[in-house]
Amino acid sequence: MKISLNWLKEFVNLQNVPSEEIISKLNMCGLEVEDEVNQIEIYKDFIVAFVKEKKKHPNADKLSLCTVDTGKELLDVICGAPNVDTGQKVVFAPIGTLIPKGNFRITKAKIRGIESSGMICAEDELELGDDHSGIMILDDSLTQGTPITEALNLNDVILEIAITPNRPDALSHIGVARDLAALFNIDLKIPEIKLVESQKSISEFASVEIEDEVNCPRYSTKVLRGVTVKESPEWLKKKLTNIGLRPINNIVDVTNYIMYETGQPLHAFDLDKLHSKKIVVKSTKTETIFLTLDSKERHLPAGTLLICDGEKPIAIAGVMGGENSEISNSTKNILIESAYFNTSSIRKTSKALVLSTDASYRFERGIDPAGTLYSVERASQLMSELTGGEIAKDSIDVYPKKIEKKIAELRFNRLEKILGYNIPKEKVFEILSKLGFEIVNKNDEKIDCKIPSYRPDIEREIDLIEEIARINGYENIPTVSRINISLGEKIDESKYADDLRNIATSLGFFEMINNPLQSEKTTGLIGNKIPVLNPQSADMAFLRTSLIPGALTVVSKNINVGEKDLSLFEIGNVFSKRESTIEIQNFDDFMEQQKIIFLITGKSSNKGWNSKENFYDLYDIKSFVESFLTKISLDNVLEDSYYHSDDRFFDLYFTKNYINSVVGIGGRVKKEILKQYDIGHSVFCFEFDIDALKKIPLKPKRYLEPLKYPKVLRDFAFVFDSSVNYKEVSAFIKMSGSKLLKSVVLFDLFENESLGANKKSMAFTLEFFSTERTLNEEEVEKEFLGLINSVTRKFDAKLRGN
């Protein structure tokens, strides 16, 4: 934002402070000055000159040969402007002058055979406007030789300040001046309002009704009658052009002036164009077409906040006015709008229309709800002075529910602990007072501050501490020559996730990163939806409840560009309600979990002279999961469960379990789910809960001596009822066997009508060995047959191959 230093000095006494010191103070307090334009330095060599004689150039039809009186000497100057003439006072650039536009220096040059000793300047060449139709003609009363900086009052310093989104109060000259008043400990002077009002009340000429009080908490107006719309006076045009604004007329210019002075956007309506002389603030129920001031038709979505009269919309609230109520040269009566709109409402409208204005820029960040009446009264006073209009008595100020100022506590010991040094209490009181904070209660230990309504960024004690630190000066933080700290164990919270990331990469997976904000449709696929309060768009309106939908989106996008063979992983946070039926009220109502997902799809190997084409299947994802768990030493800790029944996402899946809790789930994604993402071939994925994996205690690593004696392996297969779970059988075999039986592994699961109705076959490998001796065939065979008999009786099973 552009700030005029001369304008600032109207509010704070900085007459004897160098601009360099002001810039330094602003930079140190968080208002970064990105650029400085010193008009005195830029225009120091330009002077007023008198065109004593104009003759036609002998060698060029469109050039003139002028004799210019600089007050010290007469110079011959070639000029191509069509409006140059004898007797004019002009802006003259002598030899050696640096021209702002183009950044070139004037030298003596021959033009068509005749020497030219300078340049007569146009407005755009000086960057004082856009006009290049001719040279800039000055007032006849000016004396030749007078510096242009003095003749045209080009003595300002324009600062380009980068205002951070949390400081909407600094989007005005008074806002920046308030910080300077605190920085230099001087008084802030706010312009005093002295209204001369007519006897007729404003209620005779206008009325205001707010239907949408949520998005328009306050609406203030003044009415002026009998105005004369004309060009603004030079002082006003000068102020606006210095900060990069184009003067239009005395009504519009005052609204822009007040916006840059106080930060409050204003809008002036032609009162005679308002049906029923009525203002109605309401939101649209359906999509609406509206013609704005720039003569463009805007398609307004439902929910757009509008300013309407008795029968039609006349402005898009907080963004732009309409052609049907704009100020023209024939306007005689005006209504000035000064309102406070909901920040999110204006932001949504501005983004939906792709339309950003100076007004919407301020409303989106938050203006002062307490300043609407002051700004509209200040504007009506200036407009009355410049237009000759009569101010109607009183104001209309609709404020259904007053926005109360917040109170924050500041503890002095906390202030010192956070900053690391002591700031005297008197200095603290001084800083807060200069910034507009009201101290409502104080004692030796703390103070309670009422936060001004123009500072929406201040909410807590830590915010007050930051304000005190930045105004006191970061450069005043004392230097500490020595710091004593105790060294303790460093805990890296991200190390575990980083290790998992490295493992996934080593297994041949590529990392993907998805947005945790998703659409309602996407989050509705799994889990209970958790909405975001103020979403930027419908596609980012809910927190994700699983990594799977985002991963499928990535697969779909890759397939669309021809990448069909994928092995991907992602580490990210997901969110879920603690109870599915509750509404989210605070952070205790939902939880955040970190998860990792592995996904494979397409071909696992391509066809070649020495290999055949293979596609990923459930066994591949199972293999990757086992390899992953082996890398983190959990392969012998977790147990598997396999399911053929449908899950919300999978038609065939398995889980990894620790004791009685599921720490991971995955399998083959259902075709109906894949269809929603336009995926035509099988996708397999597995999702682990990282937080759950972290909590699993790892068995201490120990050395195992290599086995000295041979192992004996035996296999058997039984036909069971389909209701029998392999874990039950495995556990029974282990329990029934002797200490020579070391492991029981399921190696085949088979289901077919040939086995009989509701039957399935399970085959196991049994491993026997001793660490002390070699087993003989008889003892192994005896135990093996005993186990066959035990399983047969226990589960009413039938030994296969018998």
# chains A, B, ... in the order shown; residues from 1 in each chain; ligands from 1
$ residues_around --residues "region 192-203 of chain A" --least-positions-apart "4" --cutoff "8 Å" --atoms "only C-alpha atoms" --output "list of chain:residue names"
A:Ser207, A:Lys222, A:Val223, A:Glu377, A:Arg378, A:Gln381, A:Glu390, A:Ile391, A:Ala392, A:Lys393, A:Asp394, A:Ser395, A:Ile396
$ write_last_selection --atoms "all heavy atoms" --output "JSON list (two decimals), in the first residue's frame"
[["chain", "number", "residue", "atom", "x", "y", "z"],
["A", 207, "SER", "N", -34.20, 5.43, 4.29],
["A", 207, "SER", "CA", -34.35, 4.44, 5.35],
["A", 207, "SER", "C", -33.45, 3.25, 5.05],
["A", 207, "SER", "O", -33.09, 3.02, 3.89],
["A", 207, "SER", "CB", -35.81, 3.99, 5.48],
["A", 207, "SER", "OG", -36.23, 3.31, 4.30],
["A", 222, "LYS", "N", -25.20, 8.75, 5.75],
["A", 222, "LYS", "CA", -25.52, 10.18, 5.79],
["A", 222, "LYS", "C", -26.08, 10.56, 4.43],
["A", 222, "LYS", "O", -25.77, 9.93, 3.42],
["A", 222, "LYS", "CB", -24.29, 11.02, 6.09],
["A", 222, "LYS", "CG", -23.70, 10.85, 7.48],
["A", 222, "LYS", "CD", -24.55, 11.47, 8.57],
["A", 222, "LYS", "CE", -24.49, 12.98, 8.55],
["A", 222, "LYS", "NZ", -25.26, 13.58, 9.67],
["A", 223, "VAL", "N", -26.91, 11.60, 4.43],
["A", 223, "VAL", "CA", -27.51, 12.09, 3.18],
["A", 223, "VAL", "C", -27.11, 13.54, 2.97],
["A", 223, "VAL", "O", -27.15, 14.34, 3.90],
["A", 223, "VAL", "CB", -29.04, 11.94, 3.22],
["A", 223, "VAL", "CG1", -29.69, 12.74, 2.09],
["A", 223, "VAL", "CG2", -29.45, 10.47, 3.12],
["A", 377, "GLU", "N", -19.42, 10.47, 8.71],
["A", 377, "GLU", "CA", -19.57, 11.88, 9.10],
["A", 377, "GLU", "C", -18.41, 12.71, 8.58],
["A", 377, "GLU", "O", -18.60, 13.84, 8.13],
["A", 377, "GLU", "CB", -19.67, 11.98, 10.62],
["A", 377, "GLU", "CG", -21.01, 11.45, 11.17],
["A", 377, "GLU", "CD", -21.10, 11.57, 12.68],
["A", 377, "GLU", "OE1", -20.06, 11.82, 13.32],
["A", 377, "GLU", "OE2", -22.22, 11.42, 13.21],
["A", 378, "ARG", "N", -17.20, 12.15, 8.63],
["A", 378, "ARG", "CA", -16.03, 12.85, 8.09],
["A", 378, "ARG", "C", -16.19, 13.07, 6.59],
["A", 378, "ARG", "O", -15.90, 14.15, 6.07],
["A", 378, "ARG", "CB", -14.79, 12.00, 8.36],
["A", 378, "ARG", "CG", -13.52, 12.49, 7.68],
["A", 378, "ARG", "CD", -12.71, 13.37, 8.56],
["A", 378, "ARG", "NE", -11.40, 13.60, 7.99],
["A", 378, "ARG", "CZ", -10.90, 14.79, 7.67],
["A", 378, "ARG", "NH1", -11.61, 15.89, 7.88],
["A", 378, "ARG", "NH2", -9.70, 14.92, 7.16],
["A", 381, "GLN", "N", -18.83, 15.79, 5.86],
["A", 381, "GLN", "CA", -18.30, 17.14, 6.11],
["A", 381, "GLN", "C", -17.48, 17.62, 4.92],
["A", 381, "GLN", "O", -17.65, 18.76, 4.46],
["A", 381, "GLN", "CB", -17.44, 17.12, 7.37],
["A", 381, "GLN", "CG", -16.77, 18.47, 7.68],
["A", 381, "GLN", "CD", -15.88, 18.40, 8.91],
["A", 381, "GLN", "OE1", -16.16, 17.68, 9.84],
["A", 381, "GLN", "NE2", -14.80, 19.16, 8.89],
["A", 390, "GLU", "N", -26.03, 20.21, 1.22],
["A", 390, "GLU", "CA", -26.58, 20.39, 2.57],
["A", 390, "GLU", "C", -26.68, 19.02, 3.25],
["A", 390, "GLU", "O", -27.24, 18.08, 2.69],
["A", 390, "GLU", "CB", -27.96, 21.04, 2.46],
["A", 390, "GLU", "CG", -28.60, 21.38, 3.80],
["A", 390, "GLU", "CD", -29.95, 22.04, 3.59],
["A", 390, "GLU", "OE1", -30.87, 21.36, 3.11],
["A", 390, "GLU", "OE2", -30.08, 23.22, 3.91],
["A", 391, "ILE", "N", -26.11, 18.91, 4.46],
["A", 391, "ILE", "CA", -26.12, 17.65, 5.20],
["A", 391, "ILE", "C", -27.43, 17.51, 5.97],
["A", 391, "ILE", "O", -27.79, 18.38, 6.76],
["A", 391, "ILE", "CB", -24.94, 17.57, 6.18],
["A", 391, "ILE", "CG1", -23.61, 17.81, 5.46],
["A", 391, "ILE", "CG2", -24.93, 16.22, 6.89],
["A", 391, "ILE", "CD1", -22.41, 17.91, 6.39],
["A", 392, "ALA", "N", -28.14, 16.40, 5.70],
["A", 392, "ALA", "CA", -29.38, 16.15, 6.44],
["A", 392, "ALA", "C", -29.07, 15.91, 7.91],
["A", 392, "ALA", "O", -28.02, 15.36, 8.26],
["A", 392, "ALA", "CB", -30.11, 14.95, 5.85],
["A", 393, "LYS", "N", -29.96, 16.32, 8.77],
["A", 393, "LYS", "CA", -29.75, 16.20, 10.22],
["A", 393, "LYS", "C", -29.73, 14.72, 10.64],
["A", 393, "LYS", "O", -30.50, 13.90, 10.15],
["A", 393, "LYS", "CB", -30.88, 16.93, 10.96],
["A", 393, "LYS", "CG", -30.68, 17.00, 12.47],
["A", 393, "LYS", "CD", -31.84, 17.75, 13.12],
["A", 393, "LYS", "CE", -31.65, 17.82, 14.62],
["A", 393, "LYS", "NZ", -32.78, 18.52, 15.28],
["A", 394, "ASP", "N", -28.78, 14.42, 11.55],
["A", 394, "ASP", "CA", -28.63, 13.07, 12.12],
["A", 394, "ASP", "C", -28.10, 12.08, 11.08],
["A", 394, "ASP", "O", -27.86, 12.42, 9.93],
["A", 394, "ASP", "CB", -29.95, 12.57, 12.71],
["A", 394, "ASP", "CG", -30.47, 13.47, 13.82],
["A", 394, "ASP", "OD1", -29.63, 14.00, 14.56],
["A", 394, "ASP", "OD2", -31.69, 13.63, 13.93],
["A", 395, "SER", "N", -27.94, 10.86, 11.54],
["A", 395, "SER", "CA", -27.44, 9.76, 10.70],
["A", 395, "SER", "C", -28.36, 8.56, 10.87],
["A", 395, "SER", "O", -29.08, 8.46, 11.86],
["A", 395, "SER", "CB", -26.02, 9.36, 11.10],
["A", 395, "SER", "OG", -25.15, 10.47, 11.15],
["A", 396, "ILE", "N", -28.33, 7.68, 9.90],
["A", 396, "ILE", "CA", -28.96, 6.36, 10.08],
["A", 396, "ILE", "C", -27.85, 5.39, 10.40],
["A", 396, "ILE", "O", -26.93, 5.21, 9.61],
["A", 396, "ILE", "CB", -29.71, 5.92, 8.81],
["A", 396, "ILE", "CG1", -30.85, 6.89, 8.50],
["A", 396, "ILE", "CG2", -30.25, 4.50, 8.99],
["A", 396, "ILE", "CD1", -31.60, 6.57, 7.22]]
$ residues_around --residues "region 274-291 of chain A" --least-positions-apart "6" --cutoff "9 Å" --atoms "only C-alpha atoms" --output "NGL selection string"
:A and (205-213 or 215-216 or 219 or 297-317 or 321-325)
$ select_by_dssp --residues "region 416-572 of chain A" --states "alpha helix (DSSP H)" --output "ChimeraX atom specification"
/A:416-419,425-434,461-472,495-506,520-523,548-560
$ residues_around --residues "region 232-248 of chain A" --least-positions-apart "4" --cutoff "12 Å" --atoms "only C-alpha atoms" --output "ChimeraX atom specification"
/A:1-8,36-39,127-130,152-161,172-173,228,252-261,327-329,358,382-383,385-387
$ residues_around --residues "Thr765 (chain A)" --least-positions-apart "2" --cutoff "7 Å" --atoms "only C-alpha atoms" --output "list in words"
Leu713, Arg714, Asp715, Phe716, Val744, Val745, Leu746, Phe747 and Glu767 of chain A
$ write_last_selection --atoms "C-alpha atoms" --output "PDB file, in the first residue's frame"
ATOM      1  CA  LEU A 713       9.018 -80.596   8.339  1.00  0.00           C
ATOM      2  CA  ARG A 714       5.601 -82.187   8.034  1.00  0.00           C
ATOM      3  CA  ASP A 715       2.539 -80.993   6.075  1.00  0.00           C
ATOM      4  CA  PHE A 716      -1.112 -81.869   6.463  1.00  0.00           C
ATOM      5  CA  VAL A 744       2.781 -73.833  12.585  1.00  0.00           C
ATOM      6  CA  VAL A 745       2.293 -71.974   9.277  1.00  0.00           C
ATOM      7  CA  LEU A 746      -0.801 -71.880   7.054  1.00  0.00           C
ATOM      8  CA  PHE A 747       0.420 -72.285   3.467  1.00  0.00           C
ATOM      9  CA  GLU A 767       8.324 -77.485  11.964  1.00  0.00           C
TER      10      GLU A 767
END
$ residues_around --residues "Thr792 (chain A)" --least-positions-apart "2" --cutoff "12 Å" --atoms "only C-alpha atoms" --output "tab-separated table (two decimals) with all heavy atoms, in the first residue's frame"
chain	number	residue	atom	x	y	z
A	716	PHE	N	0.18	-81.21	6.56
A	716	PHE	CA	-1.11	-81.87	6.46
A	716	PHE	C	-2.18	-80.87	6.06
A	716	PHE	O	-2.01	-79.66	6.28
A	716	PHE	CB	-1.50	-82.65	7.71
A	716	PHE	CG	-1.50	-81.88	9.00
A	716	PHE	CD1	-2.01	-80.59	9.12
A	716	PHE	CD2	-1.02	-82.50	10.17
A	716	PHE	CE1	-2.02	-79.93	10.33
A	716	PHE	CE2	-1.03	-81.83	11.38
A	716	PHE	CZ	-1.53	-80.55	11.46
A	717	ALA	N	-3.27	-81.38	5.47
A	717	ALA	CA	-4.39	-80.53	5.04
A	717	ALA	C	-5.68	-81.18	5.51
A	717	ALA	O	-5.85	-82.40	5.41
A	717	ALA	CB	-4.38	-80.37	3.52
A	718	PHE	N	-6.59	-80.34	6.01
A	718	PHE	CA	-7.88	-80.81	6.50
A	718	PHE	C	-9.01	-80.07	5.82
A	718	PHE	O	-8.83	-78.91	5.41
A	718	PHE	CB	-8.00	-80.58	8.01
A	718	PHE	CG	-7.11	-81.47	8.84
A	718	PHE	CD1	-5.83	-81.07	9.20
A	718	PHE	CD2	-7.57	-82.71	9.29
A	718	PHE	CE1	-5.03	-81.87	9.97
A	718	PHE	CE2	-6.76	-83.52	10.08
A	718	PHE	CZ	-5.48	-83.10	10.42
A	719	VAL	N	-10.15	-80.73	5.73
A	719	VAL	CA	-11.38	-80.07	5.30
A	719	VAL	C	-12.16	-79.69	6.56
A	719	VAL	O	-12.49	-80.58	7.37
A	719	VAL	CB	-12.23	-80.98	4.38
A	719	VAL	CG1	-13.54	-80.27	4.03
A	719	VAL	CG2	-11.44	-81.34	3.13
A	720	PHE	N	-12.42	-78.37	6.71
A	720	PHE	CA	-13.12	-77.86	7.88
A	720	PHE	C	-14.46	-77.26	7.47
A	720	PHE	O	-14.69	-76.95	6.28
A	720	PHE	CB	-12.31	-76.74	8.56
A	720	PHE	CG	-10.98	-77.17	9.10
A	720	PHE	CD1	-9.84	-77.09	8.32
A	720	PHE	CD2	-10.87	-77.63	10.40
A	720	PHE	CE1	-8.61	-77.46	8.83
A	720	PHE	CE2	-9.64	-78.00	10.92
A	720	PHE	CZ	-8.50	-77.92	10.13
A	721	ASP	N	-15.30	-77.04	8.46
A	721	ASP	CA	-16.48	-76.20	8.22
A	721	ASP	C	-15.99	-74.79	7.92
A	721	ASP	O	-14.98	-74.33	8.48
A	721	ASP	CB	-17.38	-76.18	9.47
A	721	ASP	CG	-18.09	-77.52	9.67
A	721	ASP	OD1	-18.21	-78.27	8.69
A	721	ASP	OD2	-18.50	-77.80	10.82
A	729	VAL	N	-7.34	-73.04	14.68
A	729	VAL	CA	-6.67	-74.31	14.37
A	729	VAL	C	-5.18	-74.21	14.71
A	729	VAL	O	-4.60	-75.10	15.35
A	729	VAL	CB	-6.86	-74.68	12.89
A	729	VAL	CG1	-6.17	-76.02	12.58
A	729	VAL	CG2	-8.34	-74.75	12.54
A	732	PHE	N	-4.61	-74.25	18.40
A	732	PHE	CA	-4.87	-75.57	18.97
A	732	PHE	C	-3.70	-76.53	18.71
A	732	PHE	O	-3.28	-77.29	19.58
A	732	PHE	CB	-6.16	-76.15	18.38
A	732	PHE	CG	-6.47	-77.55	18.83
A	732	PHE	CD1	-6.98	-77.77	20.12
A	732	PHE	CD2	-6.23	-78.63	18.01
A	732	PHE	CE1	-7.25	-79.07	20.55
A	732	PHE	CE2	-6.49	-79.91	18.43
A	732	PHE	CZ	-7.01	-80.14	19.71
A	733	ILE	N	-3.17	-76.46	17.49
A	733	ILE	CA	-2.04	-77.33	17.15
A	733	ILE	C	-0.84	-77.01	18.03
A	733	ILE	O	-0.16	-77.92	18.55
A	733	ILE	CB	-1.68	-77.19	15.65
A	733	ILE	CG1	-2.83	-77.69	14.77
A	733	ILE	CG2	-0.40	-77.94	15.32
A	733	ILE	CD1	-2.65	-77.40	13.29
A	785	LEU	N	1.14	-87.85	13.98
A	785	LEU	CA	-0.12	-88.60	13.90
A	785	LEU	C	-1.05	-88.24	15.04
A	785	LEU	O	-2.28	-88.17	14.88
A	785	LEU	CB	0.18	-90.11	13.90
A	785	LEU	CG	0.92	-90.65	12.66
A	785	LEU	CD1	1.29	-92.12	12.85
A	785	LEU	CD2	0.08	-90.47	11.41
A	786	GLY	N	-0.48	-87.99	16.20
A	786	GLY	CA	-1.29	-87.59	17.34
A	786	GLY	C	-1.99	-86.26	17.09
A	786	GLY	O	-3.16	-86.07	17.45
A	787	LEU	N	-1.30	-85.34	16.45
A	787	LEU	CA	-1.89	-84.04	16.13
A	787	LEU	C	-3.01	-84.19	15.10
A	787	LEU	O	-4.02	-83.49	15.16
A	787	LEU	CB	-0.81	-83.08	15.61
A	787	LEU	CG	0.20	-82.58	16.66
A	787	LEU	CD1	1.31	-81.78	15.97
A	787	LEU	CD2	-0.49	-81.73	17.72
A	788	ILE	N	-2.82	-85.11	14.13
A	788	ILE	CA	-3.87	-85.35	13.13
A	788	ILE	C	-5.14	-85.82	13.82
A	788	ILE	O	-6.24	-85.34	13.54
A	788	ILE	CB	-3.39	-86.38	12.09
A	788	ILE	CG1	-2.28	-85.78	11.21
A	788	ILE	CG2	-4.56	-86.86	11.21
A	788	ILE	CD1	-1.66	-86.77	10.25
A	789	ASN	N	-4.98	-86.74	14.74
A	789	ASN	CA	-6.14	-87.25	15.46
A	789	ASN	C	-6.79	-86.16	16.31
A	789	ASN	O	-8.02	-86.06	16.39
A	789	ASN	CB	-5.74	-88.44	16.35
A	789	ASN	CG	-5.33	-89.65	15.53
A	789	ASN	OD1	-5.85	-89.86	14.43
A	789	ASN	ND2	-4.41	-90.45	16.05
A	790	SER	N	-6.00	-85.33	16.95
A	790	SER	CA	-6.53	-84.27	17.82
A	790	SER	C	-7.32	-83.25	17.01
A	790	SER	O	-8.42	-82.82	17.40
A	790	SER	CB	-5.38	-83.58	18.56
A	790	SER	OG	-4.71	-84.49	19.39
A	794	LYS	N	-11.27	-82.49	17.40
A	794	LYS	CA	-11.62	-81.15	17.90
A	794	LYS	C	-12.53	-80.39	16.93
A	794	LYS	O	-13.50	-79.75	17.33
A	794	LYS	CB	-10.33	-80.36	18.16
A	794	LYS	CG	-10.54	-78.89	18.50
A	794	LYS	CD	-11.18	-78.67	19.85
A	794	LYS	CE	-11.27	-77.20	20.19
A	794	LYS	NZ	-11.97	-76.96	21.46
A	795	PHE	N	-12.22	-80.45	15.66
A	795	PHE	CA	-12.93	-79.60	14.69
A	795	PHE	C	-13.84	-80.41	13.76
A	795	PHE	O	-14.36	-79.85	12.79
A	795	PHE	CB	-11.92	-78.80	13.85
A	795	PHE	CG	-11.09	-77.84	14.66
A	795	PHE	CD1	-9.79	-78.18	15.04
A	795	PHE	CD2	-11.61	-76.63	15.07
A	795	PHE	CE1	-9.02	-77.31	15.78
A	795	PHE	CE2	-10.84	-75.75	15.81
A	795	PHE	CZ	-9.54	-76.07	16.18
A	796	ASP	N	-13.98	-81.70	14.04
A	796	ASP	CA	-14.77	-82.57	13.17
A	796	ASP	C	-14.26	-82.45	11.73
A	796	ASP	O	-15.03	-82.29	10.77
A	796	ASP	CB	-16.26	-82.21	13.26
A	796	ASP	CG	-17.14	-83.28	12.59
A	796	ASP	OD1	-16.65	-84.43	12.44
A	796	ASP	OD2	-18.28	-82.94	12.21
A	797	ALA	N	-12.95	-82.43	11.61
A	797	ALA	CA	-12.31	-82.21	10.32
A	797	ALA	C	-11.97	-83.54	9.65
A	797	ALA	O	-11.90	-84.59	10.30
A	797	ALA	CB	-11.04	-81.38	10.50
A	798	LYS	N	-11.73	-83.46	8.34
A	798	LYS	CA	-11.37	-84.64	7.56
A	798	LYS	C	-10.02	-84.42	6.92
A	798	LYS	O	-9.80	-83.43	6.23
A	798	LYS	CB	-12.44	-84.91	6.50
A	798	LYS	CG	-12.16	-86.16	5.68
A	798	LYS	CD	-13.24	-86.36	4.62
A	798	LYS	CE	-12.95	-87.60	3.78
A	798	LYS	NZ	-13.96	-87.78	2.71
A	799	LEU	N	-9.11	-85.36	7.17
A	799	LEU	CA	-7.77	-85.26	6.60
A	799	LEU	C	-7.83	-85.49	5.10
A	799	LEU	O	-8.42	-86.46	4.63
A	799	LEU	CB	-6.84	-86.30	7.25
A	799	LEU	CG	-5.38	-86.27	6.80
A	799	LEU	CD1	-4.71	-84.99	7.28
A	799	LEU	CD2	-4.65	-87.50	7.34
A	800	ARG	N	-7.24	-84.58	4.34
A	800	ARG	CA	-7.24	-84.72	2.89
A	800	ARG	C	-6.11	-85.62	2.44
A	800	ARG	O	-5.05	-85.70	3.06
A	800	ARG	CB	-7.07	-83.34	2.22
A	800	ARG	CG	-8.25	-82.41	2.45
A	800	ARG	CD	-8.13	-81.17	1.58
A	800	ARG	NE	-8.25	-81.51	0.17
A	800	ARG	CZ	-8.01	-80.66	-0.83
A	800	ARG	NH1	-7.61	-79.43	-0.53
A	800	ARG	NH2	-8.15	-81.03	-2.07
$ residues_around --residues "Phe569 (chain A)" --least-positions-apart "2" --cutoff "9 Å" --atoms "only C-alpha atoms" --output "list of chain:residue names"
A:Arg501, A:Ala504, A:Thr505, A:Phe509, A:Phe510, A:Glu511, A:Met512, A:Ile513, A:Ala551, A:Ser567, A:Ile571, A:Ile596, A:Ile597, A:Phe598, A:Leu599, A:Ile600
$ closest_residue --among "A:Ile99, A:Leu638, A:Val214, A:Ala408" --to "Ile439 (chain A)" --atoms "only C-alpha atoms"
A:Ala408
$ atom_distance --atom1 "CA of Glu751 (chain A)" --atom2 "CA of Gly667 (chain A)"
19.0 Å
$ residues_around --residues "Gln594 (chain A)" --least-positions-apart "2" --cutoff "7 Å" --atoms "only C-alpha atoms" --output "list in words"
Gly572, Asn573, Val574, Glu592, Asp689, Ile690 and Asp691 of chain A
$ select_by_dssp --residues "region 216-407 of chain A" --states "strand (DSSP E)" --output "number ranges by chain"
A: 218-225, 267-270, 278-283, 288-291, 297-300, 305-308, 313-316, 320-321, 333-340, 390-393, 396-398, 407
$ closest_residue --among "A:Asn472, A:Thr771, A:Thr343, A:Thr97" --to "Leu180 (chain A)" --atoms "only C-alpha atoms"
A:Asn472
$ atom_distance --atom1 "CA of Ser356 (chain A)" --atom2 "CA of Met320 (chain A)"
9.0 Å
